Amino acid sequence: MELIIFYLAAVVAVGGGLMMIMQRNPVASVLYLIVTLVAIAVMFVQLNAVFVGALLIIVYAGAILVLFLFVIMLLNLRGEKFAEKRTRLDRPTRIILAVAFILELLAMFKQVAFPGRMDELMVQASPDFGGARPVAELLYTKYLFPFELTSILLLVAIVGAVVMARRDEKDKKRGI
Amino acid sequence: MTATEFAIISSIKVVVVVLAVLTGCAYATWLERKLVGHFQHRIGPNLAGPFGLLQPIADAIKLIFKEDIVPDNAERVTYALAPILMFIPAMLNFAVVPFGDTVTLFGHKIDMVVSDLNIGILFVFAVTSLGVYGIVLAGWSSGSKYSLLGGIRSSAQMISYEVAYGLSIMGVLVIAQTFSLNELVAQQASVWHWFIFRQPVGFVIYVICAIAETNRSPFDLPEAESELVAGYHTEYSSMRFAMFYIGEYANMISVSCVATTLFLGGWQGPFLPPVVWFVIKVIFFMSVYIWIRATLPRLRYDQLMYLGWKVLFPLALLNVMVTSLIVLL
């Protein structure tokens, strides 16, 4: 039963990811990305990391992707238009990225595909792995510095966005 | 309990809960029309059955027989998908709500909850946060300016209030040290342990944000009829419209259920059986909802954003900080 659910979730996740990049319509892309995220959350739940799975849905599916949709709706992107813009650097960049990606995949397969190697790589996780307490403990001890750095980065991004979006004094006087 | 037994009992529970919630939604509309009627010195529906009790059934039959209209410049797939995306998360919420204590029926011990997740409250918030997609996509796919504006307003509103909404219950979770709804109910055994008395600020913020999250008056800007016709569901008709309607009421009920479980002691109460207590508390909460709707005028958009970001959000943060400090000391 667990295996069936895992394979279902895996197929949905990979299929959703593929469909996401193959869509011309940006709204459909976002929807497929949500499908992928939910499938990945299912896998986390299966690994007993229920807390991580719930966070994935709350933060990514529930907040970040809503903002994506919001922007797409505000700009009224209906596909087609922005698929045609190509620059001279497009082709080489694509080839380099694709080759790098394939090499990465091959390296991954080499790691796991040999019999017996898998057991070596897998570590027995503690039973409450991925729960609220262990995640919080790691976040506030071992990874405290990167965690705070990330928050500062986000703060800078927010302040930057506000500054860029602020209206000029001239506009204010004209009451726009 | 064997696997088959578990499967059978769970299926029965799911069917019972879904039927109960749908009936609850139908009679929530009746309660609303009746109460608002009396608030405005009218009688409300009183012709279909005694006290108008058959009115929801008449409404349902009417909606089923209406023509299903799809606008010409709608995005067909998304247009069909949106009501489903609104309806399903609204129903999923009830999977983790504990309706009562464990009872013994035909020699089986049955928990009065479909699934006792140990991250129950996080599940509720995860599912609630998915509910916004139905509204956004409905607004976007209808191909109508009123729908689009309604959808944009609603998504902005729900994102803004979700922050304070999530923070408002953190106080309770910090005190209780658990995510499990069953455990939260167990910790509120006596009235003085109800979290409404230990977290009054959190409760008030929760109620305000819950009204905003469910797009109800006075925060019903997404469907402000004087400006936007009916907002995101302007173009919907027949059963698709009904699904939005049921979704909205199911959301109201689920928010009331969560409020009952978190702040009002869940199914705990003297003399009467637990399920009855639970239903009484939920109906009380729904009545407050309707009372607020009948009393307060709609907010302006900038007032809404001001309240969400500059009043509720800092207040909720402060509440979490103070509560954590007290718990820590």
# chains A, B, ... in the order shown; residues from 1 in each chain; ligands from 1
>>> select_by_dssp(residues="region 8-75 of chain A", states="alpha helix (DSSP H)", output="ChimeraX atom specification")
/A:8-22,26-46,50-55,65-75
>>> interface_residues(of="chain A", to="chain B", cutoff="6 Å", atoms="only C-alpha atoms", output="list in words")
Ile57, Ile58 and Gly62 of chain A
>>> select_by_dssp(residues="region 50-211 of chain B", states="strand (DSSP E)", output="ChimeraX atom specification")
/B:100-105,108-112
>>> write_last_selection(atoms="all heavy atoms", output="PDB file, in the first residue's frame")
ATOM      1  N   GLY B 100     -16.371  14.834  19.170  1.00  0.00           N
ATOM      2  CA  GLY B 100     -16.800  14.348  20.479  1.00  0.00           C
ATOM      3  C   GLY B 100     -15.783  13.381  21.059  1.00  0.00           C
ATOM      4  O   GLY B 100     -14.737  13.113  20.457  1.00  0.00           O
ATOM      5  N   ASP B 101     -16.115  12.849  22.223  1.00  0.00           N
ATOM      6  CA  ASP B 101     -15.250  11.904  22.906  1.00  0.00           C
ATOM      7  C   ASP B 101     -15.326  10.539  22.223  1.00  0.00           C
ATOM      8  O   ASP B 101     -16.171  10.316  21.357  1.00  0.00           O
ATOM      9  CB  ASP B 101     -15.701  11.785  24.372  1.00  0.00           C
ATOM     10  CG  ASP B 101     -14.551  11.365  25.247  1.00  0.00           C
ATOM     11  OD1 ASP B 101     -13.455  11.161  24.700  1.00  0.00           O
ATOM     12  OD2 ASP B 101     -14.760  11.247  26.470  1.00  0.00           O
ATOM     13  N   THR B 102     -14.442   9.626  22.612  1.00  0.00           N
ATOM     14  CA  THR B 102     -14.504   8.271  22.093  1.00  0.00           C
ATOM     15  C   THR B 102     -15.774   7.582  22.591  1.00  0.00           C
ATOM     16  O   THR B 102     -16.103   7.656  23.773  1.00  0.00           O
ATOM     17  CB  THR B 102     -13.280   7.474  22.567  1.00  0.00           C
ATOM     18  OG1 THR B 102     -12.127   8.245  22.302  1.00  0.00           O
ATOM     19  CG2 THR B 102     -13.186   6.152  21.859  1.00  0.00           C
ATOM     20  N   VAL B 103     -16.521   6.950  21.689  1.00  0.00           N
ATOM     21  CA  VAL B 103     -17.719   6.233  22.110  1.00  0.00           C
ATOM     22  C   VAL B 103     -17.579   4.763  21.720  1.00  0.00           C
ATOM     23  O   VAL B 103     -16.817   4.409  20.827  1.00  0.00           O
ATOM     24  CB  VAL B 103     -18.987   6.798  21.451  1.00  0.00           C
ATOM     25  CG1 VAL B 103     -19.328   8.148  22.014  1.00  0.00           C
ATOM     26  CG2 VAL B 103     -18.830   6.863  19.951  1.00  0.00           C
ATOM     27  N   THR B 104     -18.337   3.904  22.417  1.00  0.00           N
ATOM     28  CA  THR B 104     -18.319   2.493  22.076  1.00  0.00           C
ATOM     29  C   THR B 104     -19.629   2.145  21.386  1.00  0.00           C
ATOM     30  O   THR B 104     -20.704   2.351  21.936  1.00  0.00           O
ATOM     31  CB  THR B 104     -18.134   1.634  23.338  1.00  0.00           C
ATOM     32  OG1 THR B 104     -17.067   2.207  24.093  1.00  0.00           O
ATOM     33  CG2 THR B 104     -17.803   0.214  22.995  1.00  0.00           C
ATOM     34  N   LEU B 105     -19.524   1.661  20.154  1.00  0.00           N
ATOM     35  CA  LEU B 105     -20.708   1.373  19.352  1.00  0.00           C
ATOM     36  C   LEU B 105     -20.560  -0.044  18.814  1.00  0.00           C
ATOM     37  O   LEU B 105     -19.576  -0.372  18.173  1.00  0.00           O
ATOM     38  CB  LEU B 105     -20.785   2.385  18.201  1.00  0.00           C
ATOM     39  CG  LEU B 105     -22.163   2.932  17.856  1.00  0.00           C
ATOM     40  CD1 LEU B 105     -22.725   3.710  19.032  1.00  0.00           C
ATOM     41  CD2 LEU B 105     -22.074   3.838  16.640  1.00  0.00           C
ATOM     42  N   HIS B 108     -17.269  -1.671  19.178  1.00  0.00           N
ATOM     43  CA  HIS B 108     -16.067  -1.037  18.641  1.00  0.00           C
ATOM     44  C   HIS B 108     -15.837   0.291  19.342  1.00  0.00           C
ATOM     45  O   HIS B 108     -16.781   1.035  19.590  1.00  0.00           O
ATOM     46  CB  HIS B 108     -16.213  -0.776  17.139  1.00  0.00           C
ATOM     47  CG  HIS B 108     -16.266  -2.023  16.341  1.00  0.00           C
ATOM     48  ND1 HIS B 108     -15.184  -2.835  16.154  1.00  0.00           N
ATOM     49  CD2 HIS B 108     -17.292  -2.590  15.676  1.00  0.00           C
ATOM     50  CE1 HIS B 108     -15.538  -3.856  15.405  1.00  0.00           C
ATOM     51  NE2 HIS B 108     -16.816  -3.735  15.106  1.00  0.00           N
ATOM     52  N   LYS B 109     -14.595   0.565  19.632  1.00  0.00           N
ATOM     53  CA  LYS B 109     -14.276   1.889  20.154  1.00  0.00           C
ATOM     54  C   LYS B 109     -14.116   2.836  18.977  1.00  0.00           C
ATOM     55  O   LYS B 109     -13.302   2.597  18.081  1.00  0.00           O
ATOM     56  CB  LYS B 109     -12.964   1.837  20.950  1.00  0.00           C
ATOM     57  CG  LYS B 109     -13.174   1.536  22.416  1.00  0.00           C
ATOM     58  CD  LYS B 109     -11.917   1.861  23.173  1.00  0.00           C
ATOM     59  CE  LYS B 109     -12.258   2.138  24.629  1.00  0.00           C
ATOM     60  NZ  LYS B 109     -11.066   2.467  25.394  1.00  0.00           N
ATOM     61  N   ILE B 110     -14.916   3.888  18.950  1.00  0.00           N
ATOM     62  CA  ILE B 110     -14.872   4.801  17.806  1.00  0.00           C
ATOM     63  C   ILE B 110     -14.537   6.200  18.274  1.00  0.00           C
ATOM     64  O   ILE B 110     -15.215   6.766  19.129  1.00  0.00           O
ATOM     65  CB  ILE B 110     -16.222   4.798  17.068  1.00  0.00           C
ATOM     66  CG1 ILE B 110     -16.489   3.412  16.494  1.00  0.00           C
ATOM     67  CG2 ILE B 110     -16.218   5.832  15.961  1.00  0.00           C
ATOM     68  CD1 ILE B 110     -17.838   3.251  15.888  1.00  0.00           C
ATOM     69  N   ASP B 111     -13.473   6.761  17.696  1.00  0.00           N
ATOM     70  CA  ASP B 111     -13.158   8.160  17.956  1.00  0.00           C
ATOM     71  C   ASP B 111     -14.091   9.013  17.114  1.00  0.00           C
ATOM     72  O   ASP B 111     -14.326   8.729  15.961  1.00  0.00           O
ATOM     73  CB  ASP B 111     -11.706   8.483  17.565  1.00  0.00           C
ATOM     74  CG  ASP B 111     -10.714   7.669  18.369  1.00  0.00           C
ATOM     75  OD1 ASP B 111     -10.947   7.524  19.568  1.00  0.00           O
ATOM     76  OD2 ASP B 111      -9.734   7.183  17.784  1.00  0.00           O
ATOM     77  N   MET B 112     -14.572  10.110  17.712  1.00  0.00           N
ATOM     78  CA  MET B 112     -15.473  10.985  16.963  1.00  0.00           C
ATOM     79  C   MET B 112     -14.683  11.984  16.124  1.00  0.00           C
ATOM     80  O   MET B 112     -14.934  13.177  16.146  1.00  0.00           O
ATOM     81  CB  MET B 112     -16.403  11.731  17.918  1.00  0.00           C
ATOM     82  CG  MET B 112     -17.351  10.822  18.664  1.00  0.00           C
ATOM     83  SD  MET B 112     -18.572  10.135  17.571  1.00  0.00           S
ATOM     84  CE  MET B 112     -19.732  11.485  17.556  1.00  0.00           C
TER      85      MET B 112
END
>>> atom_distance(atom1="CA of Met91 (chain B)", atom2="CA of Ile292 (chain B)")
24.2 Å
>>> atom_distance(atom1="CA of His233 (chain B)", atom2="CA of Pro218 (chain B)")
18.4 Å
>>> residues_around(residues="Ile40 (chain A)", least_positions_apart="5", cutoff="8 Å", atoms="only C-alpha atoms", output="PyMOL selection string")
chain A and resi 9-10+13+53
>>> residues_around(residues="Phe244 (chain B)", least_positions_apart="4", cutoff="9 Å", atoms="only C-alpha atoms", output="ChimeraX atom specification")
/B:82-84,86-87,134-135,233,236,239-240,248-249
>>> residues_around(residues="Ala41 (chain A)", least_positions_apart="2", cutoff="7 Å", atoms="only C-alpha atoms", output="JSON, numbers by chain")
{"A": [37, 38, 39, 43, 44, 45, 53, 56, 57]}
>>> atom_distance(atom1="CA of Ala316 (chain B)", atom2="CA of Ala212 (chain B)")
15.2 Å
>>> residues_around(residues="Val16 (chain B)", least_positions_apart="5", cutoff="12 Å", atoms="only C-alpha atoms", output="mmCIF file with N, CA, C and O atoms, in the first residue's frame")
data_model
loop_
_atom_site.group_PDB
_atom_site.id
_atom_site.type_symbol
_atom_site.label_atom_id
_atom_site.label_comp_id
_atom_site.auth_asym_id
_atom_site.auth_seq_id
_atom_site.Cartn_x
_atom_site.Cartn_y
_atom_site.Cartn_z
ATOM 1 N N ILE B 9 -14.946 1.457 9.075
ATOM 2 C CA ILE B 9 -15.336 2.485 10.033
ATOM 3 C C ILE B 9 -14.982 3.871 9.514
ATOM 4 O O ILE B 9 -15.777 4.812 9.591
ATOM 5 N N SER B 10 -13.791 3.995 8.918
ATOM 6 C CA SER B 10 -13.390 5.311 8.393
ATOM 7 C C SER B 10 -14.323 5.759 7.282
ATOM 8 O O SER B 10 -14.721 6.930 7.235
ATOM 9 N N SER B 11 -14.691 4.817 6.387
ATOM 10 C CA SER B 11 -15.581 5.199 5.289
ATOM 11 C C SER B 11 -16.907 5.701 5.835
ATOM 12 O O SER B 11 -17.440 6.725 5.378
ATOM 13 N N VAL B 21 -22.108 17.895 7.279
ATOM 14 C CA VAL B 21 -21.628 19.230 6.929
ATOM 15 C C VAL B 21 -22.507 19.844 5.842
ATOM 16 O O VAL B 21 -22.860 21.027 5.919
ATOM 17 N N LEU B 22 -22.877 19.038 4.845
ATOM 18 C CA LEU B 22 -23.722 19.582 3.775
ATOM 19 C C LEU B 22 -25.068 20.029 4.334
ATOM 20 O O LEU B 22 -25.562 21.112 3.999
ATOM 21 N N THR B 23 -25.658 19.197 5.213
ATOM 22 C CA THR B 23 -26.905 19.607 5.849
ATOM 23 C C THR B 23 -26.685 20.871 6.669
ATOM 24 O O THR B 23 -27.508 21.801 6.645
ATOM 25 N N GLY B 24 -25.553 20.901 7.367
ATOM 26 C CA GLY B 24 -25.235 22.077 8.167
ATOM 27 C C GLY B 24 -25.159 23.328 7.312
ATOM 28 O O GLY B 24 -25.689 24.373 7.687
ATOM 29 N N PHE B 94 -12.830 19.304 7.660
ATOM 30 C CA PHE B 94 -13.569 18.564 8.687
ATOM 31 C C PHE B 94 -12.950 17.210 8.989
ATOM 32 O O PHE B 94 -13.399 16.521 9.885
ATOM 33 N N ALA B 95 -11.914 16.838 8.220
ATOM 34 C CA ALA B 95 -11.294 15.529 8.436
ATOM 35 C C ALA B 95 -10.601 15.443 9.780
ATOM 36 O O ALA B 95 -10.448 14.353 10.327
ATOM 37 N N PHE B 99 -15.258 15.840 16.926
ATOM 38 C CA PHE B 99 -16.639 16.232 17.215
ATOM 39 C C PHE B 99 -17.089 15.781 18.600
ATOM 40 O O PHE B 99 -18.094 16.248 19.108
ATOM 41 N N MET B 112 -14.572 10.110 17.712
ATOM 42 C CA MET B 112 -15.473 10.985 16.963
ATOM 43 C C MET B 112 -14.683 11.984 16.124
ATOM 44 O O MET B 112 -14.934 13.177 16.146
ATOM 45 N N VAL B 113 -13.696 11.460 15.409
ATOM 46 C CA VAL B 113 -12.917 12.303 14.518
ATOM 47 C C VAL B 113 -12.501 11.413 13.355
ATOM 48 O O VAL B 113 -12.193 10.238 13.538
ATOM 49 N N VAL B 114 -12.554 11.948 12.135
ATOM 50 C CA VAL B 114 -12.244 11.104 10.979
ATOM 51 C C VAL B 114 -10.800 10.651 11.033
ATOM 52 O O VAL B 114 -10.486 9.490 10.838
#
>>> closest_residue(among="B:Val201, B:Val327, B:Val207, B:Val18", to="Ile88 (chain B)", atoms="only C-alpha atoms")
B:Val18
